Amino acid sequence: MIISPDSQAILLLCSHLATSSSIKHAPLTLREWNSLARKLQFLSIRPGALLEISSDELKRLLEIPEEEAKRILHLLQRGGALAIELERLASMGIHVLTRADADYPTRYKQRLKDSAPILLFYAGEKALLGQPGIAVVGSRHLDEAGHACAEFVGNACGRSGMVLYSGGAKGVDRISMNSALAARGTAVGILADSLEKAIRDSQNRAAISRGDLCLVTPYSPSAPFSVGAAMGRNKLIYTLADYAIVVASDTEKGGTWAGATEALKSKWIPVFVLNYPQMPQGNSLLLKKGAFKFPHPFPENNPNLKEWLESHSTNTKSEPMQPNLF
Amino acid sequence: MGNLPEGKHYDSIEKGSGMDNKEYTLHLLRQMIGNEKNFRPGQWEAIEAIAIKKQRALVVQRTGWGKSLVYFLATKLLRDQGAGPTLLISPLLSLMRNQIQMAEKIGIRAHTINSVNQDEWARVEEALRIDRCDLMLISPERLNNEYFLKQVLPLISGRIGLFVVDEAHCISDWGHDFRPDYRRIVRIVQMLPRGVPVLGTTATANNRVVADVQSQLGPGLSIYRGPLVRENLRLQNIRLSSQSERLAWLAENLPKFKGSGIIYCLTVADTERVTGWLKKKGFTAEAYHAGNDGNINRSALEQAFLNNEIKILVATVALGMGFDKPDIEFVIHFQRPGSVVAYYQQVGRAGRALDKSYGILLSGNEDDDIQNYFIESAFPTSQVFQEILNVLENSEELSLDEILAKVNISKSMLEKALKLLEVDGAIGQTYNKKLLYFRTPNPWRLDEERINRVLEVRKSELAQMQAYVEYRGCLMQFLLRALDDPNPTPCGRCANCQGKGLPNVVTQGLIIEAENFLKNNQIVIQPRKQWPNGLSPNQKRIIPQEYQNAVGRSLCYYGDAGWGKLVRMGKYQDGHFSNELVEVSVHMICNLWQPDPFPTWVTSIPSTRHPHLVPEFALRLAEALQIPFYPVIRRTKEAPEQKTMQNSTMQARNVMDTICIDQIIPRGPVLLVDDIIDSGWTVTVAGYLLRKNGSGTVYPFTLAQASTRNGNA
């Protein structure tokens, strides 16, 4: 794995790899990096150039206080341990993308702008990230209709060459993903749980080695599941896809609700909600908030689910591309 | 910090001119090794390249040249500049005490983290936490160790000031010492950002290896290479075909040396045997090998040897790189090593600080057999790799024992295969109470080209070593040419240059004595105390004391000089063990071993493949011992030969499934006879059944012990 100097610098400054909670100089937050990146862009300096800069130059060029310059230099000196950790990850099949990489999904940059994650860790076929596809979201516990819906969408994706996007967790995620893969389709799981753990699952491993699956996370590959991570991750599911289908949602609580309301508000993509008489209360509330109806029974006879979704939704606003912020 | 005032050296660094740095560094060097000392050619240049210019450098210099000075001094300069600690990656377990003391003279605090010093980890981690560790020594394996990566590295916030790759020739497939872990080091170095200095060091790299290392570590690598000649070393080759002749030679010639020395053997069994002989002849000698770390504390042996409490260390290659005793007078090889480079390295331990030292290469008949065995067993077969991957693909994670229970290969071969698969990224490891392996999603195929290349290199090295033994010209010059020394001239000191040396013939009487020693050499069979892991999930592993065997004996090593050849002839040519073997067995049991209480009856391990061979021998042995023979153990079905079972679990299961006792047996202590003991599981299971059925103490006795499996350690 060859890492460009730009990505190297970004990793050194922002990643939590090979750090501990007690360290003196914490890696840059998203906001801190954005502000630094903007300065660099203004000065026409590539991030990689930071690798060979002296502390005086840094202070002068960036007009930052002594303390901040020290922190940046300190972070940039982590190259040794970072190389060791990246090598270990690569030998496990885990790789990294930064916002400075050409392969970083443009949909994140377009739709999330400054809040696009600085780093993505992934295992599997990275070309899948941002390919046309449908996101399936919903709680882990499903009734019969929800289960059938997850299977239906997964299968439809698989047969029509669409990527099935999900959170890669149990329940609706796993059901829809398996059915997409079973139909010889492809899937992307955007994880809020440890990527290192997920690649040890034999189903995942097999799909990854076939090139049918990519698992990706903005968090450190060994970080365990956390609610905060799941919340922060939701938008990364929506913003990679063309359409989203919410299978089952709680009301006013839980990740599905939070993610769906955020998606409706941000209008990244059309959001459908499974609509049937015994649907969870969250589903009907989301419909009231403007989500499109996904019928039960499902639109089975339609040859291509994407066309059906297209004809049953109105276009969301298309965002103008802003200059790339690495 | 020594006696240097804090401010002064800081100033000299700040001025930044090469001269000031050099003066300051020379000052430090003198603090370390003495006031009259100066840089050796190349030392300052290498230090400057890494510590001042932050470049990458490879130092190829003979042992004793002062490579450690380069990294200690560079570490000091870098630390003065505020850099993080140096990471020294080396196959050594630890730095020698004198090296640490030398480093301490300039305030360099060196620590080690390895698998055997766990009690020190907390102290080392604390030193890292408060930035009081300037140099940390780790093995290449540690770079893939979860605990190290997650707990130790973060303590320095990832700041590594300098990477030192010791024994850098291991990076190259063309090197004599293939270590898969070094491929990981290369990948790490390739991922290092600009500005992190890297230093590779080696004493032994020919042109091809240097070029290969350079291509892998990057074109910016500067090379510092010096002459390899050892001016105080007298080389001599002596060919004595049998072991008894060589043992006799040792006994006759060792008294000529006043100082201490090393005798290198190729196998663990040979180190034990040579040590036994030397002790019998009144020398203070100890065996040193990696085979049984539990019983032999290697660092205690090293220390005793350093203090000259032990005159002779009889060692395998386990006594290796980095062992630094300046006053070794002789290095004798009891058998011929596999390559010129290995030989040069080993013989180079002699006389680093002496005016005169000796490197004697004895070689004999068994050398080629052993070397060929090492080459043949160097790599697992592609089928073995595939079986391991299949097993891992069908589960989330498995321990070593769990894999052994499913794949019929030896533990050491499995370890080799796992290491290669891991470096290739096909499998990963994690720790959950024990070490676990899992299949990664990375695609994998056997790199047969690489394996064949390594094997070809080994074969040509062996051929070169065979040529060395026969060489009539200057021996040092031969070695230097093989190592691509820039200026190989005749040494004028070796036995060939001088036309004289130590005698290459031995007194007949001593040879006979050595022969007798080999014949009477008692080989102990230690009882197994635990069933292997993974044998059955619910079975308790401890074998109850009352069902364990007593300590037993083997007459010889299979195929060895001494009785080993007679055993092989009996088993595979005559189908009958000779009366001579009965006689020496009686002699050993009654005069040397004298088990107490003495067995009151004899039984034997049955075989359907050779139904009469062992019982017939056991019957004659029983008659000679004047006690009855009862063949009470029965084969239920023919098992595959035990030697085809490659690991403990498979072996024990193989025996359990196929032998039983279904009759009433005598109560008294019993001599349990078999022809060849390999893993020991056959006699363990048989002994267990005998005790369960009411026998007294079970004494295993076998004609021979298979010795190949614990070779090369």
# chains A, B, ... in the order shown; residues from 1 in each chain; ligands from 1
>>> select_by_dssp(residues="range 108-313 of chain A", states="alpha helix (DSSP H)", output="ChimeraX atom specification")
/A:108-112,144-160,172-182,195-198,202-210,227-238,254-266,281-288,305-311
>>> residues_around(residues="Leu421 in chain B", least_positions_apart="3", cutoff="12 Å", atoms="only C-alpha atoms", output="ChimeraX atom specification")
/A:91-92 /B:180-181,183-184,379-380,382,384-386,388-389,392,414-418,424-429,437-440,442-447
>>> write_last_selection(atoms="N, CA and C atoms", output="CSV table (one decimal), in the first residue's frame")
chain,number,residue,atom,x,y,z
A,91,SER,N,-2.3,-5.7,6.4
A,91,SER,CA,-2.1,-7.1,6.3
A,91,SER,C,-3.3,-7.9,6.8
A,92,MET,N,-4.2,-7.2,7.4
A,92,MET,CA,-5.5,-7.8,7.8
A,92,MET,C,-6.6,-7.6,6.7
B,180,PRO,N,10.7,-14.4,7.5
B,180,PRO,CA,9.5,-13.8,6.9
B,180,PRO,C,9.1,-12.4,7.6
B,181,ASP,N,9.4,-12.3,8.9
B,181,ASP,CA,9.0,-11.1,9.6
B,181,ASP,C,9.6,-9.8,9.0
B,183,ARG,N,9.8,-9.0,6.1
B,183,ARG,CA,9.0,-8.4,5.0
B,183,ARG,C,8.1,-7.4,5.6
B,184,ARG,N,7.6,-7.6,6.8
B,184,ARG,CA,6.8,-6.6,7.4
B,184,ARG,C,7.5,-5.3,7.7
B,379,PHE,N,10.2,-25.3,4.3
B,379,PHE,CA,8.9,-24.7,4.0
B,379,PHE,C,7.8,-25.8,4.1
B,380,PRO,N,6.7,-25.4,4.6
B,380,PRO,CA,5.5,-26.3,4.5
B,380,PRO,C,5.1,-26.5,3.0
B,382,SER,N,2.4,-26.8,-0.2
B,382,SER,CA,1.3,-26.0,-0.6
B,382,SER,C,0.0,-26.6,0.0
B,384,VAL,N,-0.3,-28.2,2.8
B,384,VAL,CA,-0.3,-27.8,4.2
B,384,VAL,C,-0.9,-26.4,4.3
B,385,PHE,N,-0.4,-25.5,3.5
B,385,PHE,CA,-1.0,-24.1,3.6
B,385,PHE,C,-2.5,-24.1,3.3
B,386,GLN,N,-2.9,-24.9,2.3
B,386,GLN,CA,-4.3,-24.9,1.9
B,386,GLN,C,-5.1,-25.5,3.0
B,388,ILE,N,-4.6,-25.5,6.2
B,388,ILE,CA,-4.7,-24.5,7.3
B,388,ILE,C,-5.7,-23.4,7.0
B,389,LEU,N,-5.6,-22.9,5.7
B,389,LEU,CA,-6.6,-21.9,5.3
B,389,LEU,C,-8.0,-22.4,5.3
B,392,LEU,N,-9.3,-22.5,8.8
B,392,LEU,CA,-9.5,-21.1,9.3
B,392,LEU,C,-10.7,-20.5,8.6
B,414,LEU,N,3.6,-26.1,11.6
B,414,LEU,CA,2.4,-25.3,11.7
B,414,LEU,C,2.8,-23.8,12.0
B,415,GLU,N,3.7,-23.7,12.9
B,415,GLU,CA,4.2,-22.4,13.3
B,415,GLU,C,4.8,-21.7,12.1
B,416,LYS,N,5.6,-22.4,11.4
B,416,LYS,CA,6.3,-21.8,10.2
B,416,LYS,C,5.2,-21.4,9.2
B,417,ALA,N,4.2,-22.3,9.0
B,417,ALA,CA,3.2,-21.9,8.0
B,417,ALA,C,2.4,-20.7,8.4
B,418,LEU,N,2.1,-20.7,9.7
B,418,LEU,CA,1.3,-19.5,10.2
B,418,LEU,C,2.0,-18.2,10.0
B,424,ASP,N,2.1,-12.7,4.8
B,424,ASP,CA,1.4,-12.5,3.5
B,424,ASP,C,0.1,-11.9,3.6
B,425,GLY,N,-0.4,-11.7,4.9
B,425,GLY,CA,-1.7,-11.0,5.1
B,425,GLY,C,-2.8,-12.0,4.9
B,426,ALA,N,-2.6,-13.3,4.8
B,426,ALA,CA,-3.7,-14.2,4.6
B,426,ALA,C,-4.4,-14.5,5.9
B,427,ILE,N,-3.6,-14.4,7.0
B,427,ILE,CA,-4.3,-14.6,8.3
B,427,ILE,C,-3.8,-13.5,9.2
B,428,GLY,N,-4.6,-13.2,10.2
B,428,GLY,CA,-4.2,-12.3,11.2
B,428,GLY,C,-4.3,-12.9,12.6
B,429,GLN,N,-3.7,-12.2,13.6
B,429,GLN,CA,-3.8,-12.8,14.9
B,429,GLN,C,-4.4,-11.8,15.9
B,437,TYR,N,-5.9,-17.1,15.7
B,437,TYR,CA,-5.6,-16.8,14.3
B,437,TYR,C,-6.9,-16.8,13.6
B,438,PHE,N,-7.0,-15.8,12.6
B,438,PHE,CA,-8.2,-15.8,11.8
B,438,PHE,C,-7.8,-15.5,10.4
B,439,ARG,N,-8.7,-15.9,9.4
B,439,ARG,CA,-8.4,-15.7,8.0
B,439,ARG,C,-8.8,-14.3,7.7
B,440,THR,N,-8.0,-13.6,7.0
B,440,THR,CA,-8.3,-12.2,6.6
B,440,THR,C,-9.0,-12.3,5.2
B,442,ASN,N,-8.0,-10.9,2.6
B,442,ASN,CA,-7.0,-10.8,1.6
B,442,ASN,C,-6.9,-12.1,0.7
B,443,PRO,N,-6.9,-11.9,-0.6
B,443,PRO,CA,-6.6,-13.1,-1.4
B,443,PRO,C,-5.2,-13.6,-1.1
B,444,TRP,N,-5.0,-14.9,-1.3
B,444,TRP,CA,-3.7,-15.5,-1.1
B,444,TRP,C,-3.4,-16.6,-2.0
B,445,ARG,N,-2.2,-16.6,-2.6
B,445,ARG,CA,-1.7,-17.8,-3.3
B,445,ARG,C,-0.3,-18.0,-2.9
B,446,LEU,N,0.1,-19.3,-2.9
B,446,LEU,CA,1.5,-19.6,-2.5
B,446,LEU,C,2.5,-19.0,-3.5
B,447,ASP,N,3.4,-18.3,-2.9
B,447,ASP,CA,4.5,-17.7,-3.7
B,447,ASP,C,5.6,-18.7,-4.0
>>> select_by_dssp(residues="range 210-354 of chain B", states="strand (DSSP E)", output="JSON, numbers by chain")
{"B": [222, 223, 224, 225, 233, 234, 235, 236, 237, 238, 239, 260, 261, 262, 263, 264, 285, 286, 287, 288, 312, 313, 314, 315, 328, 329, 330, 331, 332, 333]}
>>> interface_residues(of="chain B", to="chain A", cutoff="6 Å", atoms="only C-alpha atoms", output="JSON, numbers by chain")
{"B": [154, 157, 158, 159, 160, 188, 191, 192, 193, 396, 425, 428, 440, 441, 442]}
>>> residues_around(residues="Gly668 in chain B", least_positions_apart="2", cutoff="10 Å", atoms="only C-alpha atoms", output="PDB file with N, CA and C atoms, in the first residue's frame")
ATOM      1  N   PRO B 597      11.647 -49.756  42.161  1.00  0.00           N
ATOM      2  CA  PRO B 597      11.771 -51.228  42.182  1.00  0.00           C
ATOM      3  C   PRO B 597      11.976 -51.798  40.789  1.00  0.00           C
ATOM      4  N   PHE B 598      12.780 -52.868  40.743  1.00  0.00           N
ATOM      5  CA  PHE B 598      13.122 -53.464  39.450  1.00  0.00           C
ATOM      6  C   PHE B 598      11.882 -54.152  38.858  1.00  0.00           C
ATOM      7  N   PRO B 599      11.669 -54.047  37.543  1.00  0.00           N
ATOM      8  CA  PRO B 599      10.482 -54.664  36.945  1.00  0.00           C
ATOM      9  C   PRO B 599      10.434 -56.169  37.198  1.00  0.00           C
ATOM     10  N   THR B 600       9.210 -56.679  37.391  1.00  0.00           N
ATOM     11  CA  THR B 600       9.044 -58.126  37.624  1.00  0.00           C
ATOM     12  C   THR B 600       8.536 -58.822  36.377  1.00  0.00           C
ATOM     13  N   TRP B 601       8.157 -58.045  35.377  1.00  0.00           N
ATOM     14  CA  TRP B 601       7.758 -58.671  34.103  1.00  0.00           C
ATOM     15  C   TRP B 601       7.959 -57.686  32.959  1.00  0.00           C
ATOM     16  N   ILE B 665      -3.895 -58.734  34.121  1.00  0.00           N
ATOM     17  CA  ILE B 665      -2.450 -58.592  33.963  1.00  0.00           C
ATOM     18  C   ILE B 665      -1.765 -58.639  35.327  1.00  0.00           C
ATOM     19  N   PRO B 666      -0.467 -58.972  35.338  1.00  0.00           N
ATOM     20  CA  PRO B 666       0.256 -59.057  36.626  1.00  0.00           C
ATOM     21  C   PRO B 666       0.290 -57.712  37.350  1.00  0.00           C
ATOM     22  N   VAL B 670       6.528 -53.066  35.623  1.00  0.00           N
ATOM     23  CA  VAL B 670       6.688 -53.683  34.315  1.00  0.00           C
ATOM     24  C   VAL B 670       7.613 -52.865  33.425  1.00  0.00           C
ATOM     25  N   LEU B 671       8.402 -53.590  32.635  1.00  0.00           N
ATOM     26  CA  LEU B 671       9.241 -52.955  31.622  1.00  0.00           C
ATOM     27  C   LEU B 671       8.460 -52.969  30.312  1.00  0.00           C
ATOM     28  N   GLY B 694      -4.183 -52.251  36.508  1.00  0.00           N
ATOM     29  CA  GLY B 694      -3.666 -52.787  37.759  1.00  0.00           C
ATOM     30  C   GLY B 694      -2.201 -53.134  37.797  1.00  0.00           C
ATOM     31  N   SER B 695      -1.424 -52.760  36.787  1.00  0.00           N
ATOM     32  CA  SER B 695       0.001 -53.073  36.869  1.00  0.00           C
ATOM     33  C   SER B 695       0.680 -52.168  37.900  1.00  0.00           C
ATOM     34  N   GLY B 696       1.936 -52.514  38.223  1.00  0.00           N
ATOM     35  CA  GLY B 696       2.741 -51.605  39.039  1.00  0.00           C
ATOM     36  C   GLY B 696       3.373 -50.550  38.147  1.00  0.00           C
ATOM     37  N   THR B 697       4.448 -49.911  38.670  1.00  0.00           N
ATOM     38  CA  THR B 697       5.151 -48.876  37.921  1.00  0.00           C
ATOM     39  C   THR B 697       5.471 -49.331  36.500  1.00  0.00           C
ATOM     40  N   VAL B 698       5.281 -48.413  35.532  1.00  0.00           N
ATOM     41  CA  VAL B 698       5.586 -48.738  34.139  1.00  0.00           C
ATOM     42  C   VAL B 698       6.878 -48.029  33.731  1.00  0.00           C
TER      43      VAL B 698
END
>>> residues_around(residues="Met162 in chain A", least_positions_apart="2", cutoff="10 Å", atoms="only C-alpha atoms", output="PyMOL selection string")
chain A and resi 128+131-134+154-160+164-165+180+185-187+241-242+304-306
>>> closest_residue(among="A:Met177, A:Leu325, A:Ala230, A:Val172", to="Ala100 in chain A", atoms="only C-alpha atoms")
A:Leu325
>>> closest_residue(among="B:Gln705, B:Gln545, B:Gln371, B:Asn579", to="Gly687 in chain B", atoms="only C-alpha atoms")
B:Gln545
>>> closest_residue(among="A:Pro65, A:Pro277, A:Pro117, A:Gly161", to="Leu181 in chain A", atoms="only C-alpha atoms")
A:Gly161
>>> atom_distance(atom1="CA of Glu262 in chain A", atom2="CA of Leu36 in chain A")
27.5 Å
>>> atom_distance(atom1="CA of Gly320 in chain B", atom2="CA of Asn207 in chain B")
23.0 Å
>>> residues_around(residues="range 283-299 of chain A", least_positions_apart="4", cutoff="6 Å", atoms="only C-alpha atoms", output="list in words")
Ser249, Val271, Phe272, Val273, Leu274, Asn275 and Tyr276 of chain A
>>> closest_residue(among="B:Phe257, B:Val186, B:Thr86, B:Gly195", to="Leu50 in chain A", atoms="only C-alpha atoms")
B:Gly195
>>> residues_around(residues="Cys170 in chain B", least_positions_apart="3", cutoff="12 Å", atoms="only C-alpha atoms", output="ChimeraX atom specification")
/B:89-91,140,165-167,173-186,200-205,209-210,212-213,216,454
